[in-house]
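Trainee: Sending over coords-v4.txt (compact mmCIF, C-alpha atoms and all ligand atoms).
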```txt
# COMPACT_ATOMS: atom_id res chain seq x y z
CA MET J 1 -19.64 -71.93 92.83
CA LYS J 2 -23.13 -70.49 93.31
CA GLU J 3 -24.72 -69.46 90.03
CA LYS J 4 -26.03 -65.91 89.92
CA LYS J 5 -29.68 -65.62 88.91
CA SER J 6 -30.12 -63.18 86.05
CA VAL J 7 -33.06 -60.84 86.04
CA GLU J 8 -34.81 -60.38 82.71
CA PRO J 9 -34.77 -56.86 81.32
CA GLY J 10 -37.97 -54.94 81.95
CA ILE J 11 -38.86 -57.05 85.01
CA LYS J 12 -39.17 -55.33 88.36
CA ASP J 13 -36.99 -57.28 90.77
CA SER J 14 -35.32 -55.65 93.83
CA ARG J 15 -33.97 -57.45 96.90
CA PHE J 16 -34.51 -54.37 99.04
CA PRO J 17 -37.34 -52.15 97.76
CA PRO J 18 -36.88 -48.78 99.61
CA SER J 19 -40.58 -47.83 99.40
CA LEU J 20 -41.57 -51.07 101.20
CA PHE J 21 -38.86 -50.47 103.82
CA PHE J 22 -40.19 -46.98 104.63
CA VAL J 23 -43.82 -48.16 104.79
CA TYR J 24 -42.84 -50.91 107.29
CA LEU J 25 -40.71 -48.49 109.32
CA ILE J 26 -43.48 -45.93 109.66
CA VAL J 27 -46.13 -48.55 110.52
CA LEU J 28 -43.91 -50.23 113.15
CA LEU J 29 -42.93 -46.88 114.72
CA LEU J 30 -46.57 -45.84 114.84
CA MET J 31 -47.65 -49.09 116.46
CA SER J 32 -44.89 -49.26 119.04
CA GLY J 33 -45.48 -45.56 119.80
CA MET J 34 -49.16 -46.26 120.44
CA HIS J 35 -48.20 -49.27 122.60
CA THR J 36 -45.84 -47.15 124.76
CA GLY J 37 -48.44 -44.37 124.92
CA LEU J 38 -51.03 -46.90 126.10
CA LEU J 39 -48.75 -48.23 128.87
CA VAL J 40 -47.74 -44.75 130.09
CA GLY J 41 -51.35 -43.50 129.97
CA MET J 42 -52.67 -46.45 131.97
CA GLY J 43 -49.85 -46.04 134.59
CA ARG J 44 -50.65 -42.35 135.01
CA LEU J 45 -54.37 -42.93 135.32
CA GLY J 46 -53.65 -45.67 137.91
CA TRP J 47 -55.76 -48.41 136.24
CA ASN J 48 -55.76 -51.76 137.94
CA ARG J 49 -53.08 -54.38 137.03
CA VAL J 50 -55.44 -56.80 135.24
CA PHE J 51 -56.51 -54.04 132.88
CA GLN J 52 -52.91 -52.96 132.37
CA VAL J 53 -52.09 -56.48 131.10
CA THR J 54 -55.23 -57.15 128.98
CA ALA J 55 -55.33 -53.75 127.19
CA PRO J 56 -51.95 -54.22 125.36
CA VAL J 57 -52.89 -57.82 124.48
CA LEU J 58 -56.18 -56.58 122.94
CA TYR J 59 -54.28 -53.81 121.18
CA TRP J 60 -51.81 -56.26 119.56
CA ALA J 61 -54.62 -58.68 118.69
CA ALA J 62 -56.30 -55.83 116.76
CA VAL J 63 -52.98 -55.10 115.01
CA ALA J 64 -52.58 -58.81 114.10
CA ILE J 65 -56.15 -58.95 112.69
CA GLY J 66 -55.41 -55.87 110.55
CA LEU J 67 -52.15 -57.38 109.24
CA THR J 68 -53.79 -60.76 108.51
CA LEU J 69 -56.60 -59.12 106.51
CA PHE J 70 -54.10 -56.91 104.66
CA THR J 71 -51.78 -59.86 103.76
CA ARG J 72 -54.74 -62.02 102.67
CA ARG J 73 -56.04 -59.24 100.43
CA GLN J 74 -52.61 -58.77 98.88
CA ILE J 75 -52.21 -62.52 98.22
CA ARG J 76 -55.67 -62.65 96.64
CA ARG J 77 -55.06 -59.55 94.49
CA THR J 78 -51.53 -60.33 93.34
CA TYR J 79 -51.60 -64.13 93.14
CA GLU J 80 -54.97 -65.88 93.43
CA GLU J 81 -57.06 -63.69 91.12
CA PRO J 82 -54.54 -63.72 88.23
CA MET J 83 -54.04 -67.49 88.68
CA HIS J 84 -57.80 -68.02 88.59
CA LYS J 85 -58.03 -65.97 85.36
CA LEU J 86 -55.14 -67.95 83.88
CA ALA J 87 -56.74 -71.28 84.85
CA GLU J 88 -60.01 -70.29 83.11
CA ALA J 89 -58.12 -69.15 80.00
CA THR J 90 -56.09 -72.38 79.90
CA LYS J 91 -59.31 -74.41 80.10
CA LYS J 92 -60.77 -72.51 77.13
CA VAL J 93 -57.56 -73.03 75.10
CA ALA J 94 -57.71 -76.76 75.91
CA GLU J 95 -61.25 -76.75 74.48
CA GLY J 96 -59.91 -75.24 71.24
CA ASP J 97 -60.67 -71.54 71.73
CA PHE J 98 -57.57 -69.65 70.56
CA SER J 99 -59.14 -66.19 70.75
CA ILE J 100 -58.33 -65.90 74.48
CA TYR J 101 -56.31 -62.95 75.82
CA VAL J 102 -55.35 -62.43 79.48
CA ALA J 103 -54.35 -58.84 80.25
CA PRO J 104 -51.15 -58.30 82.34
CA LEU J 105 -51.76 -56.85 85.82
CA ASN J 106 -49.20 -54.07 85.95
CA THR J 107 -48.15 -51.26 83.68
CA LEU J 108 -44.93 -51.56 81.63
CA GLU J 109 -42.59 -50.08 84.27
CA LYS J 110 -43.99 -52.22 87.11
CA ARG J 111 -44.03 -55.59 85.32
CA ASP J 112 -43.16 -58.68 87.39
CA TYR J 113 -42.71 -62.38 86.56
CA LEU J 114 -46.45 -63.04 86.73
CA ASP J 115 -47.02 -60.37 84.05
CA LYS J 116 -44.27 -61.94 81.96
CA MET J 117 -45.95 -65.33 82.27
CA LEU J 118 -49.29 -63.84 81.14
CA ILE J 119 -47.64 -62.09 78.16
CA ASP J 120 -45.90 -65.34 77.13
CA PHE J 121 -49.17 -67.26 77.58
CA ASN J 122 -50.93 -64.83 75.20
CA LYS J 123 -48.09 -65.24 72.67
CA MET J 124 -48.33 -69.04 72.92
CA VAL J 125 -52.12 -69.00 72.36
CA GLU J 126 -51.66 -66.72 69.32
CA GLU J 127 -49.07 -69.13 67.87
CA LEU J 128 -51.32 -72.14 68.51
CA GLY J 129 -54.21 -70.32 66.81
CA SER J 130 -52.17 -69.56 63.70
CA MET J 131 -50.92 -73.18 63.57
CA GLU J 132 -54.52 -74.43 63.78
CA THR J 133 -55.51 -72.09 60.93
CA MET J 134 -52.58 -73.31 58.86
CA LYS J 135 -53.53 -76.93 59.51
CA THR J 136 -57.19 -76.49 58.54
CA ASP J 137 -56.25 -74.40 55.48
CA PHE J 138 -53.82 -77.10 54.38
CA LEU J 139 -56.42 -79.83 54.89
CA SER J 140 -59.06 -77.93 53.00
CA ASN J 141 -56.70 -77.06 50.10
CA VAL J 142 -55.54 -80.67 49.75
CA SER J 143 -59.14 -81.93 49.94
CA HIS J 144 -60.17 -79.43 47.30
CA GLU J 145 -57.33 -80.46 44.98
CA LEU J 146 -58.25 -84.14 45.41
CA LYS J 147 -61.82 -83.57 44.29
CA THR J 148 -61.15 -83.35 40.52
CA PRO J 149 -58.93 -86.45 40.06
CA LEU J 150 -61.29 -88.37 42.30
CA ALA J 151 -64.31 -87.41 40.20
CA ILE J 152 -62.41 -88.70 37.12
CA ILE J 153 -61.65 -92.05 38.83
CA GLN J 154 -65.28 -92.32 39.98
CA ASN J 155 -66.74 -91.57 36.53
CA ASN J 156 -64.43 -94.03 34.80
CA ALA J 157 -65.12 -96.75 37.36
CA GLU J 158 -68.83 -96.17 36.81
CA LEU J 159 -68.37 -96.45 33.03
CA LEU J 160 -66.35 -99.64 33.50
CA CYS J 161 -69.09 -101.14 35.70
CA ALA J 162 -71.69 -100.33 33.02
CA GLY J 163 -69.62 -102.02 30.26
CA GLU J 164 -69.27 -105.67 29.42
CA LEU J 165 -66.89 -107.26 31.91
CA THR J 166 -65.98 -110.70 33.13
CA GLY J 167 -66.87 -111.63 36.72
CA GLU J 168 -63.46 -110.81 38.18
CA GLN J 169 -63.12 -107.57 36.20
CA ARG J 170 -66.56 -106.43 37.40
CA GLN J 171 -65.59 -107.22 40.99
CA ARG J 172 -62.45 -105.10 40.68
CA ALA J 173 -64.32 -102.23 39.01
CA ASP J 174 -66.91 -102.34 41.81
CA ILE J 175 -64.13 -102.13 44.42
CA ILE J 176 -62.60 -99.09 42.68
CA PHE J 177 -66.03 -97.46 42.43
CA SER J 178 -67.00 -98.00 46.08
CA ALA J 179 -63.55 -97.00 47.38
CA SER J 180 -63.59 -93.80 45.34
CA ARG J 181 -67.12 -93.05 46.56
CA ARG J 182 -66.01 -93.48 50.18
CA LEU J 183 -63.06 -91.17 49.57
CA GLY J 184 -65.42 -88.68 47.93
CA ASP J 185 -67.70 -88.76 51.01
CA LEU J 186 -64.71 -88.22 53.28
CA ILE J 187 -63.50 -85.23 51.25
CA SER J 188 -66.91 -83.61 51.10
CA ASN J 189 -67.33 -84.13 54.89
CA ILE J 190 -63.91 -82.56 55.57
CA LEU J 191 -64.76 -79.59 53.39
CA LYS J 192 -68.19 -79.15 55.01
CA LEU J 193 -66.73 -79.34 58.51
CA ASN J 194 -63.99 -76.87 57.64
CA LYS J 195 -66.50 -74.42 56.23
CA LEU J 196 -68.73 -74.80 59.28
CA GLU J 197 -65.79 -74.35 61.66
CA LYS J 198 -64.69 -71.20 59.93
CA GLN J 199 -68.34 -70.19 59.80
CA THR J 200 -68.04 -69.25 56.15
CA ILE J 201 -71.45 -70.83 55.70
CA ALA J 202 -73.69 -68.36 57.51
CA PRO J 203 -76.73 -70.47 58.38
CA THR J 204 -79.58 -69.19 56.25
CA THR J 205 -82.41 -69.37 58.73
CA GLU J 206 -85.80 -70.33 57.44
CA THR J 207 -89.04 -71.21 59.21
CA TYR J 208 -90.16 -74.63 58.02
CA ASN J 209 -92.10 -77.74 59.01
CA LEU J 210 -89.72 -79.99 60.92
CA CYS J 211 -92.06 -83.02 60.82
CA GLU J 212 -92.04 -83.00 57.04
CA GLN J 213 -88.23 -82.87 56.95
CA LEU J 214 -87.94 -85.72 59.49
CA ALA J 215 -90.37 -87.88 57.51
CA GLU J 216 -88.46 -87.27 54.26
CA CYS J 217 -85.09 -88.12 55.83
CA ALA J 218 -86.49 -91.24 57.51
CA LEU J 219 -88.02 -92.35 54.21
CA ASN J 220 -84.62 -92.13 52.50
CA TYR J 221 -83.33 -94.72 54.98
CA GLU J 222 -86.21 -97.14 54.35
CA PRO J 223 -84.23 -99.28 51.85
CA ALA J 224 -81.31 -99.42 54.32
CA TRP J 225 -83.32 -100.71 57.28
CA GLU J 226 -85.33 -103.07 55.13
CA ARG J 227 -82.11 -104.50 53.74
CA GLN J 228 -80.84 -104.97 57.28
CA GLY J 229 -84.10 -106.41 58.63
CA LEU J 230 -84.68 -103.59 61.14
CA GLU J 231 -88.04 -102.53 62.52
CA PHE J 232 -88.82 -98.82 62.25
CA GLU J 233 -91.33 -96.88 64.30
CA ALA J 234 -92.20 -93.18 64.16
CA ASP J 235 -94.26 -91.06 66.51
CA MET J 236 -94.56 -87.46 65.35
CA GLU J 237 -96.95 -84.53 65.33
CA ASP J 238 -98.40 -83.32 62.01
CA CYS J 239 -96.71 -79.97 61.86
CA VAL J 240 -94.24 -78.14 64.06
CA LYS J 241 -92.19 -75.19 62.83
CA ILE J 242 -88.54 -74.42 63.57
CA SER J 243 -86.23 -71.62 62.48
CA ALA J 244 -82.99 -73.10 61.15
CA ASP J 245 -81.01 -73.83 58.01
CA PRO J 246 -82.92 -76.80 56.48
CA ALA J 247 -79.94 -78.06 54.44
CA LEU J 248 -77.72 -78.16 57.53
CA MET J 249 -80.39 -79.73 59.74
CA GLU J 250 -80.79 -82.45 57.13
CA LEU J 251 -77.14 -83.36 57.78
CA VAL J 252 -77.96 -83.86 61.47
CA TRP J 253 -80.97 -86.15 60.92
CA ASN J 254 -79.19 -88.12 58.19
CA ASN J 255 -76.23 -88.74 60.46
CA LEU J 256 -78.41 -89.85 63.38
CA PHE J 257 -80.35 -92.23 61.11
CA SER J 258 -77.21 -93.56 59.42
CA ASN J 259 -75.59 -94.25 62.81
CA ALA J 260 -78.72 -95.97 64.11
CA VAL J 261 -78.79 -98.23 61.03
CA LYS J 262 -75.04 -98.83 61.09
CA PHE J 263 -74.80 -99.77 64.76
CA THR J 264 -77.93 -101.95 65.04
CA LYS J 265 -77.90 -105.66 64.24
CA PRO J 266 -80.59 -107.33 62.07
CA GLY J 267 -83.81 -107.81 64.01
CA GLY J 268 -83.25 -104.61 66.01
CA LYS J 269 -85.52 -101.61 66.21
CA ILE J 270 -85.11 -97.90 65.42
CA SER J 271 -87.62 -95.35 66.64
CA LEU J 272 -88.09 -91.71 65.81
CA THR J 273 -90.03 -89.64 68.32
CA GLN J 274 -90.89 -85.97 68.01
CA GLN J 275 -92.66 -84.14 70.82
CA SER J 276 -93.24 -80.51 71.63
CA ASP J 277 -94.53 -78.56 74.60
CA GLY J 278 -95.13 -74.82 74.98
CA GLU J 279 -91.79 -73.64 73.62
CA THR J 280 -89.48 -76.56 72.95
CA ILE J 281 -89.33 -79.40 70.48
CA ARG J 282 -87.57 -82.70 71.19
CA VAL J 283 -86.57 -85.14 68.49
CA THR J 284 -85.24 -88.52 69.60
CA VAL J 285 -83.62 -91.15 67.38
CA LYS J 286 -83.39 -94.34 69.41
CA ASP J 287 -81.96 -97.71 68.50
CA THR J 288 -81.55 -101.11 70.13
CA GLY J 289 -78.02 -101.44 68.74
CA CYS J 290 -74.61 -102.07 70.27
CA GLY J 291 -74.70 -98.95 72.51
CA MET J 292 -71.62 -97.05 73.61
CA THR J 293 -69.02 -97.37 76.34
CA GLU J 294 -68.23 -94.39 78.61
CA GLU J 295 -65.02 -93.86 76.60
CA THR J 296 -66.92 -93.65 73.27
CA LYS J 297 -69.51 -91.31 74.80
CA LYS J 298 -66.71 -89.02 75.95
CA HIS J 299 -65.13 -88.73 72.49
CA MET J 300 -67.92 -89.37 69.95
CA PHE J 301 -68.26 -85.72 68.91
CA GLU J 302 -64.53 -85.41 68.12
CA LYS J 303 -63.36 -85.29 64.52
CA PHE J 304 -62.27 -88.70 63.14
CA TYR J 305 -63.21 -90.53 66.35
CA GLN J 306 -64.73 -93.95 65.84
CA GLY J 307 -65.56 -95.92 68.95
CA ASP J 308 -66.53 -99.25 67.50
CA THR J 309 -63.54 -100.26 65.39
CA SER J 310 -65.39 -103.19 63.85
CA HIS J 311 -67.43 -100.63 61.86
CA SER J 312 -64.54 -98.33 61.06
CA THR J 313 -64.52 -99.31 57.38
CA ALA J 314 -67.92 -97.64 57.07
CA GLY J 315 -67.50 -93.90 57.63
CA ASN J 316 -64.71 -91.76 58.97
CA GLY J 317 -65.95 -90.55 62.34
CA LEU J 318 -66.91 -87.12 61.03
CA GLY J 319 -70.71 -87.48 61.16
CA LEU J 320 -71.33 -86.50 64.78
CA ALA J 321 -68.64 -83.77 64.68
CA LEU J 322 -70.53 -82.23 61.75
CA ALA J 323 -73.90 -82.67 63.46
CA LEU J 324 -72.69 -81.03 66.68
CA ARG J 325 -71.22 -78.06 64.79
CA VAL J 326 -74.52 -77.52 62.94
CA LEU J 327 -76.49 -77.68 66.19
CA GLN J 328 -74.07 -75.25 67.88
CA LEU J 329 -74.37 -72.80 64.97
CA ASN J 330 -78.16 -72.88 65.33
CA GLY J 331 -77.98 -72.73 69.15
CA PHE J 332 -79.65 -76.16 69.61
CA LEU J 333 -78.76 -78.86 72.15
CA ILE J 334 -78.07 -82.57 71.83
CA LYS J 335 -78.29 -85.18 74.61
CA VAL J 336 -77.13 -88.76 74.44
CA GLU J 337 -78.19 -91.76 76.48
CA SER J 338 -76.50 -95.04 75.73
CA GLU J 339 -75.56 -98.30 77.37
CA PRO J 340 -73.32 -100.99 75.89
CA GLY J 341 -75.42 -103.84 74.52
CA LYS J 342 -78.73 -102.04 75.12
CA GLY J 343 -78.79 -99.26 72.53
CA SER J 344 -78.53 -95.50 72.18
CA ALA J 345 -80.88 -92.53 72.12
CA PHE J 346 -79.88 -89.15 70.66
CA THR J 347 -82.21 -86.27 71.55
CA VAL J 348 -82.04 -82.88 69.83
CA ILE J 349 -83.70 -80.01 71.71
CA MET J 350 -84.78 -76.93 69.74
CA PRO J 351 -87.00 -73.93 70.38
CA LYS J 352 -90.25 -73.63 68.42
CA ALA J 353 -90.24 -70.96 65.73
CA GLU J 354 -91.94 -67.73 66.77
CA LYS J 355 -95.51 -67.64 65.49
CA GLU J 356 -95.73 -65.74 62.22
CA VAL J 357 -97.88 -62.64 62.65
CA MET J 358 -100.92 -62.87 60.38
CA PRO J 359 -101.57 -59.65 58.49
CA GLY J 360 -104.70 -58.14 60.03
N1 LIG M 401 -76.32 -95.03 67.41
C1 LIG M 401 -75.10 -95.38 67.79
N2 LIG M 401 -74.89 -96.56 68.43
C2 LIG M 401 -73.66 -96.93 68.85
N3 LIG M 401 -72.54 -96.18 68.68
C3 LIG M 401 -72.69 -94.99 68.06
C4 LIG M 401 -73.95 -94.52 67.58
N4 LIG M 401 -73.76 -93.30 67.02
C5 LIG M 401 -72.45 -93.04 67.13
N5 LIG M 401 -71.80 -94.04 67.73
C6 LIG M 401 -70.34 -94.08 68.05
O1 LIG M 401 -69.79 -92.80 67.88
C7 LIG M 401 -68.74 -92.84 66.90
C8 LIG M 401 -68.71 -91.55 66.10
O2 LIG M 401 -69.86 -91.42 65.29
P1 LIG M 401 -69.80 -90.62 63.93
O3 LIG M 401 -71.17 -90.57 63.34
O4 LIG M 401 -69.12 -89.33 64.19
O5 LIG M 401 -68.82 -91.49 63.06
P2 LIG M 401 -69.09 -92.76 62.13
O6 LIG M 401 -70.57 -93.01 62.04
O7 LIG M 401 -68.24 -93.87 62.63
O8 LIG M 401 -68.55 -92.27 60.72
P3 LIG M 401 -69.28 -91.27 59.70
O9 LIG M 401 -70.36 -90.57 60.45
O10 LIG M 401 -68.19 -90.39 59.22
O11 LIG M 401 -69.86 -92.14 58.64
C9 LIG M 401 -69.04 -94.05 66.05
O12 LIG M 401 -67.88 -94.58 65.44
C10 LIG M 401 -69.61 -95.03 67.11
O13 LIG M 401 -68.58 -95.66 67.82
MG MG M 402 -71.92 -91.40 61.52
```
Will you turn the file into structure tokens for me?
Ligand SMILES: Nc1ncnc2c1ncn2[C@@H]1O[C@H](COP(=O)(O)OP(=O)(O)OP(=O)(O)O)[C@@H](O)[C@H]1O
Ligand SMILES: [Mg+2]
Mentor:
Amino acid sequence: MKEKKSVEPGIKDSRFPPSLFFVYLIVLLLMSGMHTGLLVGMGRLGWNRVFQVTAPVLYWAAVAIGLTLFTRRQIRRTYEEPMHKLAEATKKVAEGDFSIYVAPLNTLEKRDYLDKMLIDFNKMVEELGSMETMKTDFLSNVSHELKTPLAIIQNNAELLCAGELTGEQRQRADIIFSASRRLGDLISNILKLNKLEKQTIAPTTETYNLCEQLAECALNYEPAWERQGLEFEADMEDCVKISADPALMELVWNNLFSNAVKFTKPGGKISLTQQSDGETIRVTVKDTGCGMTEETKKHMFEKFYQGDTSHSTAGNGLGLALALRVLQLNGFLIKVESEPGKGSAFTVIMPKAEKEVMPG
């Protein structure tokens, strides 16, 4: 037995809409009336036979053009434009933007299935948004609660290491200390990223000398590259000013340096280049390390993504996610060039700070 399709309440669905029937009837009557009028008129005026055949053909061609344009416009208005809007909204949701809203096309009494789909899409995005908030809130609450017991473990491990221990005991205490420090770094990175994502840290913009900050950060990594036998080269101007949050920008440089050190084998080279032209500043951190595959390049800015699994014990894959968020908050750009086996170059592009007006 054929199943009867049920129509949802509130949805306009008629097999025989009377208004459409009357519009078609009037248009067809009008057109056939004009056609008959044309034939009778031409017969009375005694026009030649060729003309009597071509005139109705031209008349119906004009009618067909009109109908084609009208149908195309209707399809575009009622189907293509809403679908285009929906496709753009879906793309934004896929990129993690849950603030999207697509307005239905018709008023309440004229709603059709397309409107219903748009309303349900909006509901779905709202639900996804609240789930995402719940997830990040949960993560940040758990991380926060872990901080205190972890600090206790870390302090006690440190005290143990400082005390008198046998070789094996010291080794174990060192393991506890370094594992708790790694966990501490992870928790503080999760909390920082969460705060940045919720934008509860409003970047406190300051105009400061970028070259000085870069030199300080690079200097902090000196012991690391010396330990690893890496060559370091810097090419910078003396002073160039940017407007940004210095504490957050420090996170970016530290992450780029730490990655360069981490992913470059002994004997390799790391270079820091800073250049500026009229309005923009470019800072490049380049290494001759392992480089990245296309797959790693595609995902490296995602939270917890680590491309090179052989290094996954060091770090948690949050560094570049944090760096990108900071750069986005400040409106700066980052570009990456990398080839497996040849090395990587990360370039941050920022505008120069507006010149401070000297009091006259
Ligand atoms: N200079 C680099 N050379 C080669 N691969 C890199 C480089 N920088 C980043 N990557 C790749 O991108 C991934 C993500 O980097 P990210 O800084 O986010 O994480 P991580 O360094 O592994 O961990 P964390 O930053 O939390 O210590 C890395 O695991 C690595 O595969
Ligand atoms: Mg990193």
Trainee: Which residues are near ligand MG 402 (chain M) in this structure, taking near to mean any atom at most 7 Å from a ligand atom and counting only C-alpha atoms and all ligand atoms? Format them as a PyMOL selection string.
Mentor: chain J and resi 255-256+258-259+315+317-320
Trainee: Could you name the residues that touch Ile334 in chain J at 10 Å or less, counting all atoms listed in the file, but leaving out those on the same chain fewer than 3 positions away, as a short mmCIF file (atom, residue, chain, number, x, y, z; two decimals) with C-alpha atoms, keeping the file's coordinate frame?
Mentor:
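Saved to result.cif:
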```cif
data_model
loop_
_atom_site.label_atom_id
_atom_site.label_comp_id
_atom_site.auth_asym_id
_atom_site.auth_seq_id
_atom_site.Cartn_x
_atom_site.Cartn_y
_atom_site.Cartn_z
CA ARG J 282 -87.57 -82.70 71.19
CA VAL J 283 -86.57 -85.14 68.49
CA THR J 284 -85.24 -88.52 69.60
CA ALA J 323 -73.90 -82.67 63.46
CA LEU J 324 -72.69 -81.03 66.68
CA LEU J 327 -76.49 -77.68 66.19
CA GLN J 328 -74.07 -75.25 67.88
CA PHE J 346 -79.88 -89.15 70.66
CA THR J 347 -82.21 -86.27 71.55
CA VAL J 348 -82.04 -82.88 69.83
CA ILE J 349 -83.70 -80.01 71.71
CA MET J 350 -84.78 -76.93 69.74
#
```
Trainee: I want to know what sits within 9 Å of range 122-134 of chain J, based on only C-alpha atoms, with residues of the same chain fewer than 2 positions away left out; could you give that as a PDB file with C-alpha atoms, keeping the file's coordinate frame?
Mentor:
```
ATOM      1  CA  VAL J  93     -57.560 -73.030  75.100  1.00  0.00           C
ATOM      2  CA  GLY J  96     -59.910 -75.240  71.240  1.00  0.00           C
ATOM      3  CA  ASP J  97     -60.670 -71.540  71.730  1.00  0.00           C
ATOM      4  CA  PHE J  98     -57.570 -69.650  70.560  1.00  0.00           C
ATOM      5  CA  SER J  99     -59.140 -66.190  70.750  1.00  0.00           C
ATOM      6  CA  ILE J 100     -58.330 -65.900  74.480  1.00  0.00           C
ATOM      7  CA  TYR J 101     -56.310 -62.950  75.820  1.00  0.00           C
ATOM      8  CA  VAL J 102     -55.350 -62.430  79.480  1.00  0.00           C
ATOM      9  CA  ALA J 103     -54.350 -58.840  80.250  1.00  0.00           C
ATOM     10  CA  MET J 117     -45.950 -65.330  82.270  1.00  0.00           C
ATOM     11  CA  LEU J 118     -49.290 -63.840  81.140  1.00  0.00           C
ATOM     12  CA  ILE J 119     -47.640 -62.090  78.160  1.00  0.00           C
ATOM     13  CA  ASP J 120     -45.900 -65.340  77.130  1.00  0.00           C
ATOM     14  CA  THR J 136     -57.190 -76.490  58.540  1.00  0.00           C
ATOM     15  CA  ASP J 137     -56.250 -74.400  55.480  1.00  0.00           C
ATOM     16  CA  PHE J 138     -53.820 -77.100  54.380  1.00  0.00           C
ATOM     17  CA  LEU J 139     -56.420 -79.830  54.890  1.00  0.00           C
TER      18      LEU J 139
END
```
Trainee: Give me the residues near Asn189 in chain J as a PyMOL selection string, where near means some atom within 10 Å (using only C-alpha atoms) and where sequence neighbours in that chain fewer than 4 positions away do not count.
Mentor: chain J and resi 143+183-185+193-195+316-319+321-322
Trainee: Between J:Leu69, J:Ile190, J:Cys239, J:Leu39, which one has atoms that come closest to ligand LIG 401 (chain M), using all atoms listed in the file?
Mentor: J:Ile190
Trainee: Between atom N5 of ligand LIG 401 (chain M) and CA of Ala215 in chain J, measure the distance and give it in Å to one decimal.
Mentor: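 Value for the atom N5 of ligand LIG 401 (chain M)-CA of Ala215 in chain J distance: 22.1 Å.
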Trainee: Rounded to one decimal place, report the CA of Trp225 in chain J-CA of Val261 in chain J distance in Å.
Mentor: 6.4 Å
Trainee: Go through J:Ser180, J:Asn155, J:Asn106, J:Gln171 and flag the residue nearest Gly10 in chain J, using only C-alpha atoms for the distances.
Mentor: J:Asn106
Trainee: What does the distance from CA of Ile11 in chain J to CA of Leu28 in chain J come to in Å, to one decimal?
Mentor: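 That distance, rounded to one decimal, is 29.4 Å.
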Trainee: So which one's closest to ligand LIG 401 (chain M), J:Ser243, J:Gln228, J:Gln74, J:Thr264? Using only C-alpha atoms and all ligand atoms, please.
Mentor: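 Selected residue with least distance to ligand LIG 401 (chain M): J:Thr264.
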Trainee: Can you pull out the residues contacting range 54-64 of chain J? Cut-off 10 Å, using all atoms listed in the file, and skip same-chain residues under 2 positions away; I want them as a PyMOL selection string.
Mentor: chain J and resi 31-32+34-36+38-39+42+49-52+66-70
Trainee: Can I get the selected residues back with C-alpha atoms, as a short mmCIF file (atom, residue, chain, number, x, y, z; two decimals), in the frame of the given file?
Mentor:
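Generated file (selection18.cif):
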```cif
data_model
loop_
_atom_site.label_atom_id
_atom_site.label_comp_id
_atom_site.auth_asym_id
_atom_site.auth_seq_id
_atom_site.Cartn_x
_atom_site.Cartn_y
_atom_site.Cartn_z
CA MET J 31 -47.65 -49.09 116.46
CA SER J 32 -44.89 -49.26 119.04
CA MET J 34 -49.16 -46.26 120.44
CA HIS J 35 -48.20 -49.27 122.60
CA THR J 36 -45.84 -47.15 124.76
CA LEU J 38 -51.03 -46.90 126.10
CA LEU J 39 -48.75 -48.23 128.87
CA MET J 42 -52.67 -46.45 131.97
CA ARG J 49 -53.08 -54.38 137.03
CA VAL J 50 -55.44 -56.80 135.24
CA PHE J 51 -56.51 -54.04 132.88
CA GLN J 52 -52.91 -52.96 132.37
CA GLY J 66 -55.41 -55.87 110.55
CA LEU J 67 -52.15 -57.38 109.24
CA THR J 68 -53.79 -60.76 108.51
CA LEU J 69 -56.60 -59.12 106.51
CA PHE J 70 -54.10 -56.91 104.66
#
```
Trainee: Kindly provide, as an NGL selection string, the polymer residues lying within 12 Å of (-80.8, -105.9, 59.3), counting all atoms listed in the file and using the coordinates exactly as they appear in the file.
Mentor: :J and (222-232 or 260-270 or 288-289)
Trainee: Which residue is closest to ligand LIG 401 (chain M)? Choose from J:Gly278, J:Arg182, J:Leu329, J:Gln213 and count all atoms listed in the file.
Mentor: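 Of J:Gly278, J:Arg182, J:Leu329, J:Gln213, the one nearest ligand LIG 401 (chain M) is J:Arg182, counting all atoms listed in the file.
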Trainee: Axis-aligned box over every listed atom of ligand LIG 401 (chain M), padded by 8 Å per side: centre and edges in Å to one decimal, as AutoDock Vina command-line options?
Mentor:
```
--center_x -72.1 --center_y -93.1 --center_z 63.7 --size_x 24.4 --size_y 23.6 --size_z 26.2
```
Trainee: Which of these, J:Thr207, J:Ser188, J:Thr90, J:Asn330, has the shortest distance to ligand LIG 401 (chain M) once you count all atoms listed in the file?
Mentor: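 Closest to ligand LIG 401 (chain M), using all atoms listed in the file: J:Ser188.
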